[in-house]
Every structure is written in C-alpha cells, then in structure tokens.
file protein_27.csv (CSV, C-alpha atoms)
chain,number,residue,atom,x,y,z
A,1,SER,CA,25.5,17.2,6.6
A,2,THR,CA,23.6,16.6,3.3
A,3,SER,CA,24.7,14.7,0.2
A,4,THR,CA,23.2,15.7,-3.1
A,5,LEU,CA,22.8,13.1,-5.9
A,6,GLN,CA,22.5,14.1,-9.5
A,7,ASN,CA,23.0,12.3,-12.9
A,8,ILE,CA,24.2,8.9,-11.5
A,9,LYS,CA,23.1,5.3,-11.7
A,10,ILE,CA,23.3,2.9,-8.7
A,11,GLN,CA,22.6,-0.7,-9.8
A,12,ASN,CA,23.6,-4.3,-8.9
A,13,ASN,CA,25.6,-3.5,-5.8
A,14,ALA,CA,25.2,-5.8,-2.8
A,15,TYR,CA,25.3,-4.9,0.9
A,16,ASN,CA,24.0,-7.5,3.2
A,17,GLU,CA,24.8,-7.0,6.9
A,18,GLU,CA,22.5,-8.8,9.3
A,19,GLY,CA,20.3,-6.5,11.2
A,20,TYR,CA,20.1,-3.8,8.5
A,21,CYS,CA,17.1,-3.5,6.3
A,22,ASN,CA,15.9,-6.9,7.3
A,23,GLY,CA,19.0,-8.5,5.8
A,24,ALA,CA,18.2,-7.4,2.3
A,25,ASP,CA,20.7,-5.9,-0.2
A,26,VAL,CA,21.0,-2.1,0.1
A,27,LEU,CA,22.0,-0.1,-2.9
A,28,LEU,CA,22.2,3.3,-1.1
A,29,TYR,CA,22.8,3.4,2.7
A,30,ALA,CA,22.3,6.9,4.1
A,31,ASN,CA,23.7,7.7,7.5
A,32,SER,CA,23.2,11.4,6.8
A,33,ASN,CA,20.7,13.5,4.9
A,34,VAL,CA,20.4,12.9,1.2
A,35,SER,CA,18.9,15.1,-1.5
A,36,ILE,CA,17.6,14.0,-4.9
A,37,SER,CA,16.1,16.4,-7.4
A,38,SER,CA,16.5,14.7,-10.7
A,39,GLU,CA,15.1,11.5,-12.3
A,40,THR,CA,18.6,10.9,-13.8
A,41,VAL,CA,19.5,9.5,-10.4
A,42,GLN,CA,18.6,5.9,-11.0
A,43,ILE,CA,18.5,3.4,-8.1
A,44,LEU,CA,17.5,0.1,-9.5
A,45,ASN,CA,16.7,-3.3,-8.1
A,46,LYS,CA,19.4,-6.0,-8.0
A,47,GLU,CA,16.9,-8.6,-6.9
A,48,THR,CA,13.2,-8.6,-6.0
A,49,GLU,CA,13.9,-8.4,-2.3
A,50,THR,CA,16.3,-5.5,-2.6
A,51,LYS,CA,15.1,-2.5,-0.5
A,52,GLY,CA,17.4,-0.2,-2.6
A,53,VAL,CA,17.5,2.8,-0.2
A,54,TYR,CA,18.1,2.7,3.5
A,55,ILE,CA,17.7,6.0,5.5
A,56,ASN,CA,19.1,5.5,8.9
A,57,SER,CA,17.6,6.9,12.1
A,58,SER,CA,16.9,10.6,12.4
A,59,ASN,CA,18.0,11.4,8.8
A,60,ASN,CA,16.0,12.8,5.9
A,61,LEU,CA,15.7,11.9,2.3
A,62,ASN,CA,14.9,15.2,0.5
A,63,LEU,CA,13.1,15.0,-2.8
A,64,SER,CA,12.2,17.7,-5.3
A,65,GLY,CA,11.7,18.3,-9.0
A,66,SER,CA,11.6,15.2,-11.2
A,67,ALA,CA,13.1,12.9,-8.5
A,68,HIS,CA,11.9,9.3,-9.0
A,69,ILE,CA,13.2,6.2,-7.2
A,70,SER,CA,12.2,2.9,-8.7
A,71,THR,CA,13.0,0.7,-5.7
A,72,PRO,CA,11.4,0.9,-2.2
A,73,ILE,CA,12.9,3.2,0.4
A,74,TYR,CA,13.4,1.7,3.9
A,75,LEU,CA,13.0,4.2,6.7
A,76,ALA,CA,14.5,3.4,10.1
A,77,SER,CA,13.2,4.9,13.3
A,78,ASP,CA,12.7,8.7,13.1
A,79,ALA,CA,13.8,8.8,9.5
A,80,LYS,CA,11.7,10.9,7.2
A,81,ILE,CA,11.1,11.9,3.6
A,82,ASN,CA,11.0,15.6,3.1
A,83,VAL,CA,9.7,17.3,0.0
A,84,ASP,CA,11.9,20.4,-0.2
A,85,GLY,CA,10.7,21.5,-3.6
A,86,GLU,CA,7.7,21.0,-5.8
A,87,LEU,CA,7.6,17.5,-7.4
A,88,THR,CA,7.1,17.8,-11.1
A,89,SER,CA,6.2,14.3,-12.2
A,90,ALA,CA,2.8,13.7,-13.8
A,91,SER,CA,-0.1,13.6,-11.4
A,92,GLY,CA,-0.7,10.1,-10.0
A,93,THR,CA,3.0,9.0,-10.6
A,94,ILE,CA,4.4,7.2,-7.6
A,95,VAL,CA,7.9,8.7,-7.1
A,96,ALA,CA,8.7,6.8,-3.9
A,97,LYS,CA,7.5,3.6,-2.3
A,98,ILE,CA,8.2,3.5,1.4
A,99,THR,CA,8.9,0.4,3.5
A,100,LEU,CA,8.6,0.7,7.3
A,101,ASN,CA,9.6,-1.7,10.1
A,102,ASP,CA,6.9,-3.6,12.0
A,103,GLY,CA,7.5,-1.6,15.2
A,104,CYS,CA,6.0,1.7,14.0
A,105,THR,CA,3.2,3.2,16.0
A,106,SER,CA,0.2,5.4,14.9
A,107,GLY,CA,1.1,9.1,14.7
A,108,THR,CA,4.7,8.6,13.6
A,109,GLN,CA,5.6,11.4,11.1
A,110,ILE,CA,7.4,10.0,8.0
A,111,LEU,CA,6.6,12.6,5.4
A,112,THR,CA,7.1,16.4,5.7
A,113,THR,CA,7.4,19.4,3.4
A,114,THR,CA,9.3,22.6,3.3
A,115,THR,CA,7.4,25.8,4.1
A,116,GLY,CA,5.3,26.9,1.1
A,117,ILE,CA,4.7,23.4,-0.2
A,118,GLU,CA,1.3,21.9,0.5
A,119,LEU,CA,1.7,18.4,2.0
A,120,SER,CA,-1.8,17.4,0.8
A,121,GLU,CA,-0.8,18.0,-2.8
A,122,MET,CA,2.3,15.9,-2.5
A,123,LEU,CA,0.7,12.8,-0.9
A,124,GLU,CA,-0.3,11.3,-4.3
A,125,TYR,CA,3.3,10.8,-5.2
A,126,PHE,CA,4.0,8.4,-2.3
A,127,ASP,CA,2.9,4.8,-1.4
A,128,LEU,CA,3.6,2.3,1.4
A,129,THR,CA,4.7,-1.2,0.6
A,130,ASN,CA,3.3,-2.4,4.0
A,131,ASP,CA,-0.3,-3.5,4.1
A,132,ASN,CA,-0.4,-2.9,7.9
A,133,TYR,CA,0.1,0.9,7.7
A,134,ILE,CA,-1.5,3.8,5.9
A,135,LEU,CA,-0.3,7.3,5.2
A,136,THR,CA,-2.6,10.0,6.5
A,137,GLU,CA,-3.1,13.5,5.1
A,138,GLU,CA,-0.8,14.9,7.7
A,139,GLY,CA,2.1,12.7,6.5
A,140,LYS,CA,1.8,10.4,9.5
A,141,ILE,CA,1.2,6.7,9.6
A,142,GLU,CA,-1.7,4.8,11.2
A,143,VAL,CA,-1.6,1.1,12.1
A,144,VAL,CA,-4.0,-1.2,10.1
A,145,THR,CA,-5.5,-4.4,11.5
A,146,LEU,CA,-5.4,-7.1,8.7
A,147,ILE,CA,-8.4,-9.4,8.5
A,148,SER,CA,-7.7,-12.7,6.6
A,149,ASP,CA,-10.5,-14.8,8.1
A,150,THR,CA,-13.2,-14.7,10.7
A,151,THR,CA,-10.8,-15.7,13.5
A,152,ASP,CA,-9.3,-12.2,13.1
A,153,LEU,CA,-12.7,-10.8,14.0
A,154,ASP,CA,-13.2,-13.1,17.0
A,155,ASN,CA,-11.5,-10.5,19.3
A,156,PHE,CA,-14.5,-8.2,18.5
A,157,TYR,CA,-17.2,-10.8,19.0
A,158,ASP,CA,-20.0,-9.8,21.4
A,159,ALA,CA,-21.7,-13.0,22.4
A,160,THR,CA,-24.5,-11.2,24.2
A,161,ASN,CA,-25.6,-9.3,21.1
A,162,GLU,CA,-24.3,-11.9,18.7
A,163,CYS,CA,-22.3,-9.5,16.6
A,164,TYR,CA,-18.8,-8.3,15.8
A,165,SER,CA,-18.6,-5.1,17.8
A,166,VAL,CA,-15.7,-3.3,16.0
A,167,SER,CA,-13.6,-0.7,17.8
A,168,THR,CA,-12.2,2.5,16.4
A,169,GLY,CA,-9.4,1.9,13.9
A,170,ASN,CA,-8.4,0.9,10.4
A,171,TYR,CA,-9.2,-2.6,9.0
A,172,ALA,CA,-8.0,-4.1,5.8
A,173,PHE,CA,-9.5,-7.4,4.4
A,174,THR,CA,-6.9,-9.6,2.7
A,175,GLN,CA,-9.2,-12.2,1.2
A,176,ASN,CA,-12.8,-13.3,0.9
A,177,ILE,CA,-14.7,-13.7,4.2
A,178,GLU,CA,-18.1,-15.1,5.1
A,179,LEU,CA,-19.4,-13.3,8.2
A,180,ALA,CA,-21.1,-15.5,10.9
A,181,ALA,CA,-22.7,-12.4,12.5
A,182,PRO,CA,-23.3,-8.7,11.7
A,183,ILE,CA,-20.6,-6.0,12.0
A,184,TYR,CA,-21.7,-3.5,14.6
A,185,ILE,CA,-20.3,0.0,15.0
A,186,GLN,CA,-21.0,1.1,18.5
A,187,ASN,CA,-21.8,4.6,19.6
A,188,GLY,CA,-18.6,6.7,19.7
A,189,GLU,CA,-16.6,4.4,17.5
A,190,SER,CA,-15.0,5.6,14.2
A,191,VAL,CA,-14.1,2.7,11.8
A,192,SER,CA,-12.5,2.5,8.4
A,193,MET,CA,-12.5,-0.7,6.3
A,194,TRP,CA,-11.1,-1.5,2.9
A,195,ALA,CA,-9.3,-4.3,1.0
A,196,SER,CA,-5.5,-4.8,0.7
A,197,ASN,CA,-6.2,-7.6,-1.8
A,198,ASP,CA,-9.5,-7.9,-3.7
A,199,ALA,CA,-12.0,-9.3,-1.2
A,200,LYS,CA,-15.6,-10.2,-1.2
A,201,ILE,CA,-17.5,-10.1,2.1
A,202,THR,CA,-20.6,-12.3,2.3
A,203,ALA,CA,-22.9,-13.4,5.2
A,204,SER,CA,-23.9,-16.9,6.3
A,205,PHE,CA,-27.1,-15.4,7.8
A,206,SER,CA,-30.2,-13.7,6.5
A,207,ASP,CA,-32.9,-11.3,7.6
A,208,ASP,CA,-30.5,-9.1,9.6
A,209,ASN,CA,-28.1,-6.3,9.3
A,210,MET,CA,-24.8,-7.1,7.6
A,211,VAL,CA,-23.5,-3.7,9.0
A,212,TYR,CA,-25.3,-1.8,11.7
A,213,ILE,CA,-24.2,1.7,12.8
A,214,ALA,CA,-25.6,2.4,16.3
A,215,PRO,CA,-27.6,5.4,17.3
A,216,SER,CA,-26.0,8.2,19.4
A,217,ASN,CA,-27.4,9.9,22.5
A,218,SER,CA,-28.1,13.1,20.4
A,219,VAL,CA,-29.7,13.5,17.0
A,220,ASP,CA,-27.5,16.5,16.3
A,221,ASP,CA,-24.1,14.8,16.8
A,222,VAL,CA,-22.5,12.2,14.6
A,223,THR,CA,-20.7,10.0,17.1
A,224,SER,CA,-20.4,6.7,15.3
A,225,SER,CA,-19.1,6.2,11.7
A,226,LEU,CA,-18.0,3.7,9.2
A,227,THR,CA,-15.9,4.4,6.1
A,228,LEU,CA,-15.8,1.8,3.4
A,229,GLY,CA,-13.2,1.8,0.6
A,230,ARG,CA,-10.1,3.8,0.1
A,231,LYS,CA,-8.3,5.5,-2.8
A,232,ASN,CA,-5.6,3.3,-4.3
A,233,SER,CA,-6.8,0.2,-2.4
A,234,ALA,CA,-7.9,-3.1,-3.8
A,235,GLN,CA,-11.6,-3.8,-4.4
A,236,LEU,CA,-13.8,-4.5,-1.4
A,237,ILE,CA,-17.2,-6.1,-2.2
A,238,LEU,CA,-20.1,-6.4,0.2
A,239,SER,CA,-22.2,-9.0,-1.4
A,240,TYR,CA,-25.4,-9.3,0.6
A,241,SER,CA,-27.1,-12.7,0.9
A,242,SER,CA,-30.9,-12.9,0.7
A,243,ASP,CA,-32.5,-10.0,2.7
A,244,THR,CA,-29.4,-8.7,4.5
A,245,TYR,CA,-28.8,-5.0,4.5
A,246,SER,CA,-27.1,-2.1,6.3
A,247,THR,CA,-28.8,0.3,8.7
A,248,ILE,CA,-27.5,3.7,9.8
A,249,GLN,CA,-29.2,4.9,12.9
A,250,THR,CA,-29.6,8.4,14.3
A,251,GLY,CA,-26.2,10.0,14.9
A,252,GLY,CA,-24.5,7.3,12.8
A,253,LYS,CA,-22.7,7.9,9.5
A,254,LEU,CA,-21.7,5.8,6.6
A,255,ILE,CA,-19.1,7.0,4.1
A,256,LEU,CA,-18.6,5.1,0.8
A,257,LYS,CA,-15.3,5.8,-1.0
A,258,ASP,CA,-13.5,4.5,-4.0
A,259,ASN,CA,-12.9,0.7,-4.5
A,260,CYS,CA,-16.0,-0.5,-2.7
A,261,GLU,CA,-19.1,-2.2,-4.1
A,262,ILE,CA,-22.3,-2.9,-2.3
A,263,ARG,CA,-24.5,-5.4,-4.1
A,264,ASP,CA,-26.8,-8.3,-4.3
A,265,SER,CA,-29.3,-7.4,-1.5
A,266,LYS,CA,-32.9,-8.6,-1.8
A,267,TYR,CA,-34.0,-5.9,0.6
A,268,CYS,CA,-32.6,-2.3,0.8
A,269,ALA,CA,-28.8,-2.2,0.5
A,270,ILE,CA,-28.4,0.9,2.7
A,271,TYR,CA,-31.2,2.0,5.0
A,272,VAL,CA,-30.6,5.4,6.5
A,273,LYS,CA,-32.9,5.7,9.5
A,274,GLN,CA,-32.5,9.3,10.6
A,275,GLY,CA,-28.7,9.1,10.1
A,276,ASP,CA,-26.1,10.4,7.6
A,277,PHE,CA,-24.8,8.9,4.4
A,278,GLU,CA,-22.1,10.2,2.1
A,279,MET,CA,-21.2,8.6,-1.2
A,280,GLN,CA,-17.8,9.9,-2.4
A,281,GLY,CA,-17.0,7.0,-4.7
A,282,GLY,CA,-17.6,3.3,-5.2
A,283,SER,CA,-20.7,1.7,-6.5
A,284,ILE,CA,-24.1,0.3,-5.4
A,285,HIS,CA,-25.6,-2.1,-7.9
A,286,ASP,CA,-27.6,-5.2,-8.6
A,287,ASN,CA,-29.8,-4.9,-5.6
A,288,ILE,CA,-33.5,-6.1,-6.0
A,289,TYR,CA,-36.4,-5.4,-3.7
A,290,GLU,CA,-39.7,-7.1,-4.3
A,291,GLY,CA,-41.5,-6.3,-1.1
A,292,ASP,CA,-43.6,-3.3,-0.1
A,293,ASN,CA,-42.3,-2.3,3.4
A,294,ILE,CA,-39.6,0.1,2.2
A,295,GLN,CA,-38.8,2.0,-1.0
A,296,SER,CA,-35.5,1.8,-3.0
A,297,SER,CA,-33.5,-1.4,-3.2
A,298,ALA,CA,-30.3,0.7,-3.2
A,299,ILE,CA,-30.6,3.5,-0.7
A,300,THR,CA,-33.6,4.6,1.4
A,301,PHE,CA,-33.7,7.5,3.7
A,302,ALA,CA,-36.4,6.7,6.2
A,303,ASN,CA,-39.1,9.0,7.7
A,304,PRO,CA,-37.5,11.2,10.4
A,305,THR,CA,-39.5,11.7,13.6
A,306,ALA,CA,-39.6,14.8,15.8
A,307,ASN,CA,-36.2,16.2,16.7
A,308,SER,CA,-34.4,14.0,14.1
A,309,HIS,CA,-32.9,14.5,10.7
A,310,ILE,CA,-31.7,12.8,7.5
A,311,ASN,CA,-28.6,14.0,5.7
A,312,GLY,CA,-27.3,12.6,2.4
A,313,VAL,CA,-24.4,13.8,0.2
A,314,PHE,CA,-23.7,12.2,-3.2
A,315,SER,CA,-20.5,13.6,-4.7
A,316,GLY,CA,-19.0,10.6,-6.6
A,317,GLY,CA,-19.4,7.0,-7.6
A,318,LYS,CA,-22.1,5.1,-9.5
A,319,ILE,CA,-25.6,3.7,-8.6
A,320,TYR,CA,-26.8,1.3,-11.3
A,321,ASN,CA,-28.9,-1.8,-12.2
A,322,ASN,CA,-31.0,-1.7,-9.1
A,323,SER,CA,-34.8,-2.4,-9.1
A,324,THR,CA,-37.7,-2.1,-6.7
A,325,LYS,CA,-41.4,-2.9,-6.8
A,326,THR,CA,-42.1,0.4,-4.9
A,327,ASN,CA,-40.6,3.9,-5.5
A,328,GLY,CA,-37.1,5.1,-6.2
A,329,GLY,CA,-34.9,2.7,-8.3
A,330,ALA,CA,-31.7,4.2,-7.0
A,331,ILE,CA,-32.6,6.6,-4.1
A,332,ALA,CA,-35.7,7.0,-2.1
A,333,ILE,CA,-36.0,10.0,0.3
A,334,MET,CA,-39.0,9.5,2.7
A,335,ALA,CA,-39.1,12.7,4.7
A,336,THR,CA,-42.0,14.5,6.4
A,337,ASP,CA,-43.4,18.0,6.1
A,338,ASP,CA,-42.1,18.9,9.5
A,339,ASN,CA,-38.7,17.3,9.0
A,340,PRO,CA,-37.7,17.6,5.3
A,341,GLY,CA,-34.1,16.5,5.6
A,342,SER,CA,-31.3,17.5,3.3
A,343,VAL,CA,-30.0,15.5,0.4
A,344,SER,CA,-27.6,16.8,-2.3
A,345,VAL,CA,-26.6,15.0,-5.5
A,346,ASP,CA,-23.6,16.1,-7.5
A,347,ILE,CA,-21.0,14.4,-9.8
A,348,ILE,CA,-22.5,11.0,-9.6
A,349,GLU,CA,-23.7,8.5,-12.2
A,350,ILE,CA,-27.2,7.1,-11.7
A,351,CYS,CA,-28.2,4.8,-14.5
A,352,ASP,CA,-30.2,1.6,-15.5
A,353,ASN,CA,-32.3,1.5,-12.3
A,354,LYS,CA,-36.0,0.6,-12.3
A,355,ALA,CA,-39.0,1.3,-10.1
A,356,SER,CA,-42.4,-0.3,-10.6
A,357,GLY,CA,-43.8,2.7,-8.7
A,358,LYS,CA,-42.5,6.2,-9.1
A,359,GLY,CA,-39.1,7.6,-9.7
A,360,GLY,CA,-36.9,5.1,-11.7
A,361,GLY,CA,-33.9,7.0,-10.5
A,362,ILE,CA,-34.8,9.2,-7.5
A,363,TYR,CA,-38.1,9.4,-5.5
A,364,THR,CA,-38.4,12.2,-3.0
A,365,LYS,CA,-41.2,13.0,-0.5
A,366,PHE,CA,-41.1,16.3,1.5
A,367,SER,CA,-37.3,16.4,1.1
A,368,GLY,CA,-35.0,19.3,0.5
A,369,LEU,CA,-33.3,17.7,-2.5
A,370,GLY,CA,-30.6,19.6,-4.2
A,371,ILE,CA,-29.2,18.5,-7.6
A,372,GLU,CA,-26.1,20.3,-9.0
call {"tool": "encode", "arguments": {"input": "protein_27.csv", "output": "structure tokens"}}
result
Amino acid sequence: STSTLQNIKIQNNAYNEEGYCNGADVLLYANSNVSISSETVQILNKETETKGVYINSSNNLNLSGSAHISTPIYLASDAKINVDGELTSASGTIVAKITLNDGCTSGTQILTTTTGIELSEMLEYFDLTNDNYILTEEGKIEVVTLISDTTDLDNFYDATNECYSVSTGNYAFTQNIELAAPIYIQNGESVSMWASNDAKITASFSDDNMVYIAPSNSVDDVTSSLTLGRKNSAQLILSYSSDTYSTIQTGGKLILKDNCEIRDSKYCAIYVKQGDFEMQGGSIHDNIYEGDNIQSSAITFANPTANSHINGVFSGGKIYNNSTKTNGGAIAIMATDDNPGSVSVDIIEICDNKASGKGGGIYTKFSGLGIE
C-alpha cells in the first residue's frame, strides 16, 4: 500500500524505541510506501539528532513536484527513494538528505526514478549525511575510505618502493595530513580522492613525486587513473613542498574536478609524460619554477616518443598566478613533429601567469592545440 501526504505539518513528536533509527527520535515512521508531492508537507526537527523520517526495509519514499523534506531521511536495508514525478525545486536545491546505516555495501541502489524521468537530472536534489558513502550517477552508493591521518594510509604502504600504493576505491580526507612518502597509483588501479572537511595535503619530503600515476603496458590504453576533487565536497589542497610534483606516465590519467587546488610547487605541479590529463574544475596556482629542465611551472606535457601520445582536455577550472623562467606560464605542450599530441582548451580561465621565455599563458611546440 502507499500513503500520500499533502498539506500537513509533522513537528515535535517523539518516538524512541531502541534499535530503530539508531535510537533517535522519528517524526515519520514508514512501514509501507509513502508519497510526498508538495512542499506544504513539513517534517521538522525536534532536536538536532532527530532523523525525522524512517523508511523501513523494502519500502519506497516517492517524491515529486515541490516535495522538500528539511530533516534527514533514514533508509533501512533495501529501502529506496523513488522520484515518480519531475522535481520542480530550483536547481541546486537539496530536497532530501539521506542517512544510511553503516552496514551498506557498494552497489546498493537507494535512488530510482519512474520511466521517463532521467535519474542523472534528479541527482542534484539529493545529498548523503554519511561521509563514508557517495551517491553515484546510477543512484547507487559506493563506500568511501576516510583518511584522518597517515596511519589510515599505512595499510597501503609499500616498504620496498617507499610509497603509498593506493588501491582502486574512493578516499576522503577529513583533515590536514603531511605525507611521509609519495602516493602511487599502480597500473590497473582507479582511484578517486577528495575532502569531506577542508584538508591540506603536504609532504615531509622533497625532490620526488607527491603523486605518481604508473605507466601501463600499452600506450593506447588508459589503465591507471586518479581523480582529485568532487562536486559539493569540501576543499582539497595539494600544497607541494620545495620541488615536489606529480607525474602522469604513459597510460595513466589524472582528472582534476571541483573543490581541488594544486599549488606551491617549485618544480612543475603536473608533469604529463606521455599520459592523459583532464581539468574539469578546480584550480592550479602559485607554482614557481626557476630552473631550465622543464617548461611550465603549472602543467607540462612532455615530449612523446615513438608509439606514444599526449592528451589534454581543459573544460573547466582556473589556472593562475604561476610563473616559470622558461616557456608557458600556465601550460607548456612539448610535442614532436612525428607525435603532435592533442590538447583542447575550452571554458577555462587562464590569467596572471608569467613566463620569462615564450608564452605567458600557453606555449606549444608541434602540438595539435584546439581552443574553443
């Protein structure tokens, strides 16, 4: 059965039975399907720990129209939120905050839509209160490993290579951390990192990679990748010490998204050595290079050799206040006549960069550069 709620207010009611909703007060307990289509249904917090809405196992909370719930929704096992009609709130408005229990596993479906409604267009209306889960574009959850200090990285420490060899998965930094060794993304691993609280990542070492994305067995296949930053996350700052940097090897890929800063390198912040780099958001700034071995202090695409490539896509974000004594204040593309590479620049702000040589903003050599 399905209960439909319209034009009511539920407030300051207490229900506190041990074992339900982690012992918190529940303002609406649903042991069957519930539909809400109007913002005039008000479910308000009694206390800060109130979950407000509890959807019991295998039931749905159906939302549509101007529905808006101001208190978190607790989903029991196999419970889901289903969008059974277009949500009409302003873009970016969170209409429901979802709380999950700690036993959920990656791949669990918690958000669905009725036929004809695009799930991808509804995602922006929902948020999770749990830091240790994220909601994917398919409406499923993925587990997140929280990193609060270097001891949380010790499980990945490779003593032989003196690095943190991070496995495929999602990682959220909860506070500032000083790395004792580089972060190494092995061939075949796909890693995403962001901050759940504003966090600055620094290094206690110098003259080495802060992040290294390993080469693959084939120059044509991207088999190892790192994504930094995430929409609606806190700010993640990679603050390089001295001449630390990040290297992307052949077959490796680095993707920079919103809410990530890469800054303070005295070398080249991102060195793309026959690999792939995408900048969809975030910023790269205040990097200074005073040597003559490379080009840009921000991003350098290195000379490709035979049977190799360089690929770069810039579609968002900002590159600013970088300087180099050589060429390319923001971006340097060092291709060859035989291997020109492909770099496209679109919808990105490049400003206040300086090169003592050529190209205060962009320097390109034998590259197939496209600017839109």
call {"tool": "residues_around", "arguments": {"input": "protein_27.csv", "residues": "Ser89 of chain A", "least_positions_apart": "3", "cutoff": "12 Å", "atoms": "all atoms listed in the file", "output": "ChimeraX atom specification"}}
result
/A:37-39,63-69,86,92-96,122,124-126
call {"tool": "write_last_selection", "arguments": {"input": "protein_27.csv", "atoms": "C-alpha atoms", "output": "compact mmCIF listing (two decimals), in the coordinates of the input"}}
result
# COMPACT_ATOMS: atom_id res chain seq x y z
CA SER A 37 16.10 16.40 -7.40
CA SER A 38 16.50 14.70 -10.70
CA GLU A 39 15.10 11.50 -12.30
CA LEU A 63 13.10 15.00 -2.80
CA SER A 64 12.20 17.70 -5.30
CA GLY A 65 11.70 18.30 -9.00
CA SER A 66 11.60 15.20 -11.20
CA ALA A 67 13.10 12.90 -8.50
CA HIS A 68 11.90 9.30 -9.00
CA ILE A 69 13.20 6.20 -7.20
CA GLU A 86 7.70 21.00 -5.80
CA GLY A 92 -0.70 10.10 -10.00
CA THR A 93 3.00 9.00 -10.60
CA ILE A 94 4.40 7.20 -7.60
CA VAL A 95 7.90 8.70 -7.10
CA ALA A 96 8.70 6.80 -3.90
CA MET A 122 2.30 15.90 -2.50
CA GLU A 124 -0.30 11.30 -4.30
CA TYR A 125 3.30 10.80 -5.20
CA PHE A 126 4.00 8.40 -2.30
call {"tool": "residues_around", "arguments": {"input": "protein_27.csv", "residues": "Gly107 of chain A", "least_positions_apart": "6", "cutoff": "12 Å", "atoms": "all atoms listed in the file", "output": "list in words"}}
result
Asp78, Tyr133, Ile134, Leu135, Thr136, Glu137, Glu138, Gly139, Lys140, Ile141, Glu142 and Val143 of chain A
call {"tool": "write_last_selection", "arguments": {"input": "protein_27.csv", "atoms": "C-alpha atoms", "output": "compact mmCIF listing (two decimals), in the coordinates of the input"}}
result
# COMPACT_ATOMS: atom_id res chain seq x y z
CA ASP A 78 12.70 8.70 13.10
CA TYR A 133 0.10 0.90 7.70
CA ILE A 134 -1.50 3.80 5.90
CA LEU A 135 -0.30 7.30 5.20
CA THR A 136 -2.60 10.00 6.50
CA GLU A 137 -3.10 13.50 5.10
CA GLU A 138 -0.80 14.90 7.70
CA GLY A 139 2.10 12.70 6.50
CA LYS A 140 1.80 10.40 9.50
CA ILE A 141 1.20 6.70 9.60
CA GLU A 142 -1.70 4.80 11.20
CA VAL A 143 -1.60 1.10 12.10
call {"tool": "closest_residue", "arguments": {"input": "protein_27.csv", "among": "A:Thr115, A:Met193, A:Ile299, A:Ile185", "to": "Thr145 of chain A", "atoms": "all atoms listed in the file"}}
result
A:Met193
call {"tool": "closest_residue", "arguments": {"input": "protein_27.csv", "among": "A:Asn321, A:Thr174, A:Gly229, A:Ser206", "to": "Ser192 of chain A", "atoms": "all atoms listed in the file"}}
result
A:Gly229
call {"tool": "residues_around", "arguments": {"input": "protein_27.csv", "residues": "segment 341-357 of chain A", "least_positions_apart": "2", "cutoff": "7 Å", "atoms": "all atoms listed in the file", "output": "MDAnalysis selection string"}}
result
chainID A and resid 309:330 335 339 359:361 367:372
call {"tool": "atom_distance", "arguments": {"input": "protein_27.csv", "atom1": "atom CA of Gly281 of chain A", "atom2": "atom CA of Phe301 of chain A"}}
result
18.7 Å
call {"tool": "decode", "arguments": {"input": "protein_27.csv", "residues": "segment 122-135 of chain A", "atoms": "C-alpha atoms", "output": "short mmCIF file (atom, residue, chain, number, x, y, z; two decimals), in the first residue's frame"}}
result
data_model
loop_
_atom_site.label_atom_id
_atom_site.label_comp_id
_atom_site.auth_asym_id
_atom_site.auth_seq_id
_atom_site.Cartn_x
_atom_site.Cartn_y
_atom_site.Cartn_z
CA MET A 122 17.49 14.34 -10.37
CA LEU A 123 20.79 13.64 -8.57
CA GLU A 124 21.46 17.29 -7.71
CA TYR A 125 18.41 17.33 -5.42
CA PHE A 126 19.81 14.68 -3.05
CA ASP A 127 22.68 14.51 -0.59
CA LEU A 128 24.05 11.96 1.88
CA THR A 129 24.72 12.82 5.51
CA ASN A 130 27.27 9.99 5.76
CA ASP A 131 30.88 10.88 4.90
CA ASN A 132 31.70 7.22 4.28
CA TYR A 133 29.35 6.83 1.30
CA ILE A 134 28.80 8.62 -2.01
CA LEU A 135 25.86 8.53 -4.42
#
